[in-house]
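See below for the structure under consideration.
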Amino acid sequence: MTVVCRRLASLCLCLLPALAGCGGSRTQPELVWGRFGGRDGDFNKPRAAAIDAHDRLYIVDFSARVQVYDRDGHYLNLTWRTPDWNNGKPSGLSIDRDGNLLLSDSHYHCLRVYGLDGTLLKTLGLPAGSEPGQFGYLGDAVQDEDGYYYVAEFGETSRITKLNADGTFLKCWGALGTAPGEFSRVRALTFRPNDPDKLLYLADAANHRIQVFTRDGALVDCWGVAGSAPGELSYPYDLAFSPKGDVLYVVEFGNQRVQKFTPEGKSLGCWGSPGRGPGQFYQPWALVVDSRGRVHVIDSQNHRVQRIDF
Amino acid sequence: MNSTLDFVTTHWLALLLFAAVVPGARGLRRRTSPLTGAALLLLAAGGLVLEPVVGAWAAGAALLVLFLLSLLLIVSGQWWTPVGYALGAVLTLGLGGLCVGPLGAGLVDVGKMVLSFEPAQPWWLLLLGLVPVIVWMSFRSLAGLGPVRRWAAIGLRCAIVIFLALALAEVKLKHQNETTTVLFVVDRSFSVPQESYTSKEGKPEDARWDRVRKFINEAVEKRGPGRERDKAGLIVFGRRPRLELPPSDAPRFKLTEVAATVDGNYTDIGAAIKLALASFPEGAGKRIVLVSDGNENMGNAEEQARIAKLNGAQIDVVPLAAGLKNENEVLVQSIEAPPLAEEGTQLPIRVLLRNHNPNPVEGILTVRQTSVGDGVTTLVEPARRVRVQPGLTSFTLKQSLKPRQQSYSYEAEFVPEGVVVGKDKLEPLVGDRVQNNRATTHVVARGQRRILLIEQTEGDHRNLEREMRGRKMDILALPVNTLPKDKDKLAVFLSNFDCVVLANLPAETLTDEQMEMIRSNTHEQGCGLVMVGGKEGFGAGGWQNTPVEKALPVDSEIKALKVQGKGGLVMIMHACEMPEGNFWEKKIAKIAIDKLSNVDEVGVIGLDFGGQKWHIPLQEIGDKRAWLHGQVDKINPGDMPDFDTPLNMAHKELTDPRRELSVRHVIIVSDGDPQLTNQQLLAQMRKDKVTVSTVGVATHGAPQAQALANIARSTGGKFHSVTNPNMLPGIYLKETRLVSQSFLYEKRFQPKVNYASGPTDTIKAVPPLHGFVRTTPKQSPLVEIPIESPPFNEQKFPILAYWPYGLGKSAAFTSDAQSQKGKLSWDREWADSDMYVKFWEQVITWALRPTESKRLAITTEQRDGKVRVIIDARDEQNRPIDDFKLRVGLTTPTGKAEGQTKAELKFEQKNSGVYEAEFKAEESGSYFINVQASRKVKRNGPDGKPVEAEDQDSVRAGVTIPYSPEYSDLESNATLMDKLRGMTDGKSYEDDAKALEEAATGGDVFRTGLPTSKNLQPIWYWLLFAAGTLLFFDVAVRRIAVEVGAAVTAATATWDRLRGRAAAAQAVPEFFDRLKSRKAQVGETMQKTKSARRFDADEAAPVAAAAPAGADALPEKTAPAPRAPRPRAAADAGEGNDYLSRLRKAKQRAMQDRDEDGNE
């Protein structure tokens, strides 16, 4: 019996590195995919992304095309465009409560809800304007499990607007400025999975910080200063939590890297540098985290996506 | 037969394995184990039978089961030999399927590769002669290594020498590319007849274009198996070709509509083929699929097809609408009027209509006359219904001209009503193209010493105007915005005048086309040009590098200047989401750099790696313009998140006191997306006199435009909203002019008259002026500067300069001429003096066009894309003049640069007094011809004696090519298409849905057989690397000996241990047995040697024979007697008596002895 035990132990020891995946994060991206072009499946400066429960990536680019890929970058032969894009292209994508795609059509002052096959299910809009109850330019939007929409605007009407599930105006908070609770170009919103406090995290890009609010608009936390050292931020353009909710990934447009934080804002490390090679970014706009915790970075000016294990 | 051959070539390695194993089975069995034979057979079978994918799965599955069995073996020690063998067989079979095929192909490739080696320095290959020497030497010197290692070492050494020799010989690898690239070259010109129908959505569609698209899409998608790496691309063309889709191996095109804009007014097949040839990737087979009607009216397709042939490219053709003839076509062939108008005469106007229908066509003919100057359009005769017979029909109309001579444009238009079928029955004329139903011609008035003064706003130069009228000059003052914008109209308008004066006009008030026409009006048409300065003239008006500047005797740029008043300009570039946004941004940045003076400073901020930063740090322009342009070209404007950072950067640099900038300006070009958070910054900038102008390009809406306007307003700058990118250069010119203050000198000074001749004839001194614009005289011996400024900081600047330019003359006056009652300007003292009128009269008269008498008559004829110009020169007595030398100026619709057109027109005297020239006129639009004649004549001088004098005359005419040649083509040129195909041995596909579908689905356009290129790849570094690596192995082979037996034994032992057999004990003796026997062997040999040494006298002597007494005895007390061996412990006998134990004990004893010796 002891012989068998000893053998089993030694076998386990041998197999341990293989089972552990050789451990630690890598310095090279796992996968780099996408190329510049006008054909379906190609990119023209991809700028926002969302990932669904089946780890399918929905990516919108500067030609206002939403295209669908699997997590390995295979184009799933599905491309559609927003009804009009002459005023400007959409800048935010997320998956809503029902698993549909929520597209912030910035310059058309509305949210478009698409089925995952690209059919337009509904359009939620407020009249264009700067007053509460009106929409300026939309940056990003998310829907919580209770059905409320949270919409970030940029420009003169920098604020967060909360809508009912039917799209009626509920309240809004914040204004253009640099003080905590004020915004300068909110690029992305997100919730933390399994969050007992149900907080809303947002990337306040031109103020180089992350702000955290309750769902009713009370400022809970505000962290990050401009800079390029670890822990500092330069134009955080998108943010996403790991599946467990213990790590917040932030993509920095200015520093051209991905930085991970604890939900409380303690930096856990940086990944990437400016450039065109694998593992380098050129003005990345967005990121998503898949169900296995891998980060897909939308490397906009390089017209590609990089999947990193970070 | 072919399939058998294919099978053999694909599976040659598997067949070889079979051949090696089966016939020689007996031999194999003898030499190797049957296991090896069986394995080889399985590999061969796998290679023959299994597809690689199946093989991979089989091998993978077998490996997995083997792995699981191994785990079981490790844990439990269980093993099933038959299962093991079976799995091994499956694994081998699978590996055969997976590897043998590709390995065979790989080996073929390697073989081809080796055969394709090409040495660049073949003499070095002589080193290969060393190989036999090495083999011979090594064979002897390495004898001690044993046969296997010896041959391995020799092989390695030879390989090293061979590799080094090949590396030194610089052998190159020939790489054969076997893919094909197909470029679809599609004609989108207007001559391709449409097959119109209305779609379900009610949109007009063209069935022919649908067919072509389908053909292209299908051909790419169904290119056939094995052609996946082939590439396909798309070029569309008309006047110019555009690369719509670059060659790529994408599996499908999904071509719906063409994104590139194509000018369909012309067809240049040659240029399209040329672009295709340039777009082919290196190496692959090249095929062009030309889809066109073959009606080329520019370029030379045959020449390009020849080049294609030389480049190994093949042209397949799809002749569109071959054999189709459009009979329902009526066109206005031309409208003709005498080229020069005589006042008060009845002008005969002839309109030629051509009807291609076999029946007469009825319609309405209208002829209009437009006088460009006053813009009045009148009908020559009331519109009338006419019947146009098949073929050519001519209609003549009469027009009385006003007493005052003027240039006119005439336009004839024919609107067909229908074909006359039977008696007065009209049927609609389907397929008639409206574009060719009208034609224009121009009548150019003879020169009448008229002057055109163009100014910014009416009345700016009223005093000058009045004074010139007082001298009987016919002068028309015109605000610049009323100048015709259309080139043709402007040309006709300018032809009314003999001198054009541009007075205090900033450059941005004229378009590039207008400027080019004004330049050509002087260079080619011989009209005078005078530029008068002011605060917005010359450099201060941004005239640098404009066509007009080329015509002037001075350059607006000032090379080096020791003056105060430097300006600083920072441009903040944000990505513009408009078509060709980056192109425009670079263009305007270059304009700004060009328009600033050398002493000014410029900087550009943009977004790049590392965020918002200085693309061009703020710096003095100096002589670095070309470099700065280069830097601008490298800019790739990005999407800036905010304006705070760049504005802060610009503010900091512009207000740096060390720069001593008197004007500080920032221009932001943006779509308004970035936002400004810190509004206090704007107040600070205003305080520091940093102005910011914003240019909103394609902003996303009013709020963003508002944000940009706010920035401009808060800092004292201007906001410009741009919808059309053509507006950008004008805005930048204006903005830049605000920055550059160094051009102006605004103090009283006394100009110096250098000499009194030409325009300054009889003027010896001039009153002081109160300002001028700094300029630099052109570096030409023709430039004269009769008046210049006194030296300022040792630099003198021209006040009046002139030179002849082309067939005309031009002058530049760098001060102004605006002083009038109630308005004091730089020339206030001149305006009050007597010389004022004289000066201006002389300057303008000097510049006027040469006289135009009636001695020269000009006639023009158009035929086959060429215009023939005939000059009839007769003197007052109607005698032909034979000794004229003719100079010609030609203004073309495209406005080619100076010097390019001259060579095309050369007059030859065809008859007495008749001169002829011909030029190509392929572009539609107006051509203006100016002929200047000169000869030497003898005249009586003032003293009555004959002196040689120059006799000059000139004449002008306008010719119009009414519409693009595309509209005169009635049928396809299938002959040309077939010729292009034939020249390159291509295929032809019919323009028919079925034929095209067959060609597409059959993979015809991707067929093989094209010459592919081979590229030579240097491999010397790989050879060197291989030689270095082999050197290591060479040493290793000689130094490290691997005992095969030992390895086998160890493996067997491990296996047994895993199986749990108690075999460990046996293994050791087995190993030591061999050791022992070896020792015995060696001992025996040594013994023999010893014996030989001792008893070499007689080998046969008995070993037991007694030695001589004392021979072996040791001297009694010379050394201590060897210690008697210790008695063995009794236990020794009890412990194992095997060899290993004894060896171990011997070792222990030796250690003990050593210890004791040490103790003693």
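Labeling convention for the structure tokens: chains A, B, ... as they appear, residues from 1 per chain, ligands from 1 in order of appearance.
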Please identify every residue of chain A that has at least one atom no more than 7 Å from any atom of chain B, counting only C-alpha atoms, and report them as a PyMOL selection string. chain A and resi 4+7-8+87-88+107+155+176-177+184+206+254-255+274+282
Residue selection dump (C-alpha atoms) as a short mmCIF file (atom, residue, chain, number, x, y, z; two decimals), in the first residue's frame:
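Writing the result to selection02.cif gives the following:
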```cif
data_model
loop_
_atom_site.label_atom_id
_atom_site.label_comp_id
_atom_site.auth_asym_id
_atom_site.auth_seq_id
_atom_site.Cartn_x
_atom_site.Cartn_y
_atom_site.Cartn_z
CA VAL A 4 1.27 2.69 -4.22
CA ARG A 7 4.10 6.21 -6.49
CA LEU A 8 0.96 8.31 -6.49
CA ASN A 87 -23.04 62.31 -37.27
CA GLY A 88 -20.59 60.04 -35.47
CA HIS A 107 -24.10 61.19 -31.56
CA GLY A 155 -18.88 66.86 -23.32
CA LEU A 176 -18.21 68.70 -15.96
CA GLY A 177 -15.31 69.40 -13.62
CA SER A 184 -14.45 64.86 -17.53
CA ALA A 206 -9.77 63.03 -18.74
CA GLY A 254 -2.63 57.50 -22.43
CA ASN A 255 -0.16 55.04 -20.95
CA PRO A 274 3.35 51.63 -26.29
CA TYR A 282 -1.33 51.80 -29.58
#
```
Which is closest to B:Trp614 among B:Glu998, B:Asp555, B:Glu653, B:Asp187, if we use only C-alpha atoms?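 That would be B:Glu653, the residue with the smallest distance to B:Trp614.
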Could you state the separation of atom CA of B:Thr851 and atom CA of B:Ile929 in Å, given to one decimal place?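 Separating atom CA of B:Thr851 from atom CA of B:Ile929 is a distance of 15.7 Å.
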Mind checking which residues fall within 6 Å of A:Cys172, counting only C-alpha atoms, ignoring those fewer than 2 positions away in the same chain, and posting them as a PyMOL selection string? chain A and resi 160-162
Which residues in stretch 62-220 of chain A does DSSP call strand (DSSP E)? List them as a ChimeraX atom specification. /A:65-69,75-81,92-95,101-105,110-114,120-125,137-143,149-154,159-163,169-173,186-191,200-204,209-213,219-220
At what distance in Å, to one decimal, does atom CA of B:Arg438 lie from atom CA of B:Glu336?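 We find that atom CA of B:Glu336 and atom CA of B:Arg438 lie 12.6 Å from each other.
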Do you know which residues are at most 8 Å from A:Asn164 counting only C-alpha atoms, after dropping those on the same chain fewer than 6 positions away, and could you put them as a list in words?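 In the requested form, the answer reads Gly147, Tyr148, Tyr149 and Leu170 of chain A.
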Using only C-alpha atoms, determine which residues lie at most 12 Å from B:Phe215, disregarding the query and same-chain residues fewer than 5 positions distant; provide the list as a ChimeraX atom specification. /B:184,186,208-210,220-223,253-256,289,291,318,989-1005
Written selection (C-alpha atoms) as a PDB file, in the first residue's frame:
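Everything below was put into again_22.pdb:
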```pdb
ATOM      1  CA  PHE B 184      -9.973  42.315 -61.319  1.00  0.00           C
ATOM      2  CA  VAL B 186     -13.126  46.970 -63.761  1.00  0.00           C
ATOM      3  CA  ARG B 208     -24.627  44.644 -66.383  1.00  0.00           C
ATOM      4  CA  TRP B 209     -22.956  45.898 -63.207  1.00  0.00           C
ATOM      5  CA  ASP B 210     -24.895  43.299 -61.182  1.00  0.00           C
ATOM      6  CA  VAL B 220     -13.126  34.733 -55.711  1.00  0.00           C
ATOM      7  CA  GLU B 221     -15.272  32.564 -53.503  1.00  0.00           C
ATOM      8  CA  LYS B 222     -15.229  29.500 -55.739  1.00  0.00           C
ATOM      9  CA  ARG B 223     -11.633  29.637 -56.787  1.00  0.00           C
ATOM     10  CA  PHE B 253     -15.056  39.653 -51.470  1.00  0.00           C
ATOM     11  CA  LYS B 254     -18.717  40.441 -50.768  1.00  0.00           C
ATOM     12  CA  LEU B 255     -18.426  43.286 -53.243  1.00  0.00           C
ATOM     13  CA  THR B 256     -21.589  45.335 -53.154  1.00  0.00           C
ATOM     14  CA  VAL B 289      -9.041  40.180 -65.429  1.00  0.00           C
ATOM     15  CA  VAL B 291     -13.663  44.016 -67.414  1.00  0.00           C
ATOM     16  CA  VAL B 318     -14.493  40.379 -70.282  1.00  0.00           C
ATOM     17  CA  TYR B 989     -15.137  35.523 -71.154  1.00  0.00           C
ATOM     18  CA  GLU B 990     -18.373  36.620 -72.741  1.00  0.00           C
ATOM     19  CA  ASP B 991     -20.445  39.336 -71.117  1.00  0.00           C
ATOM     20  CA  ASP B 992     -23.277  36.929 -70.529  1.00  0.00           C
ATOM     21  CA  ALA B 993     -24.687  35.692 -67.216  1.00  0.00           C
ATOM     22  CA  LYS B 994     -24.222  32.019 -68.027  1.00  0.00           C
ATOM     23  CA  ALA B 995     -20.753  32.311 -69.479  1.00  0.00           C
ATOM     24  CA  LEU B 996     -19.572  34.412 -66.569  1.00  0.00           C
ATOM     25  CA  GLU B 997     -21.045  32.027 -64.032  1.00  0.00           C
ATOM     26  CA  GLU B 998     -19.319  29.088 -65.676  1.00  0.00           C
ATOM     27  CA  ALA B 999     -16.020  30.930 -65.714  1.00  0.00           C
ATOM     28  CA  ALA B1000     -16.414  31.928 -62.064  1.00  0.00           C
ATOM     29  CA  THR B1001     -17.467  28.578 -60.669  1.00  0.00           C
ATOM     30  CA  GLY B1002     -14.987  26.657 -62.800  1.00  0.00           C
ATOM     31  CA  GLY B1003     -12.103  28.494 -61.159  1.00  0.00           C
ATOM     32  CA  ASP B1004     -10.998  29.657 -64.613  1.00  0.00           C
ATOM     33  CA  VAL B1005      -9.548  32.963 -63.536  1.00  0.00           C
TER      34      VAL B1005
END
```
Which residues come within 12 Å of B:Thr509, counting only C-alpha atoms, excluding same-chain residues fewer than 2 positions away, as a PyMOL selection string? chain B and resi 454-457+479-483+485+502+504-507+511-515+536-537+541-543+727+729-731+733-734
Would you list the contacts of A:Arg304 as number ranges by chain, taking every protein, DNA or RNA residue within 12 Å and counting only C-alpha atoms, but skipping same-chain residues closer than 3 positions in sequence? A: 31-37, 41-49, 59-61, 73, 276-287, 296-301, 307
Give the alpha helix (DSSP H) residues of stretch 219-444 of chain B, as DSSP finds them on the backbone, and put them as a list in words. Ala219, Val220, Glu221, Ile269, Gly270, Ala271, Ala272, Ile273, Lys274, Leu275, Ala276, Leu277, Ala278, Ser279, Ala301, Glu302, Glu303, Gln304, Ala305, Arg306, Ile307, Ala308, Lys309 and Leu310 of chain B
Using only C-alpha atoms, the best pick from B:Lys910, B:Lys1145, B:Lys200, B:Lys920 as closest to B:Val867 would be B:Lys920
Quick one: of B:Asp293, B:Glu1043, B:Glu549, B:Asp832, who's nearest to B:Ala322, counting only C-alpha atoms? B:Asp293
Between atom CA of B:Ala44 and atom CA of B:Leu16, what is the spacing in Å?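 A separation of 8.1 Å between them.
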Residue with smallest distance to B:Ala272 - pool B:Leu183, B:Ala62, B:Val148, B:Leu728, counting only C-alpha atoms: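 Looking only at the distances to B:Ala272, the closest residue turns out to be B:Leu183.
For the set A:Arg81, A:Lys122, A:Lys89, A:Arg65, the residue with the smallest atom-to-atom gap to A:Ser106 is A:Lys89, counting only C-alpha atoms.
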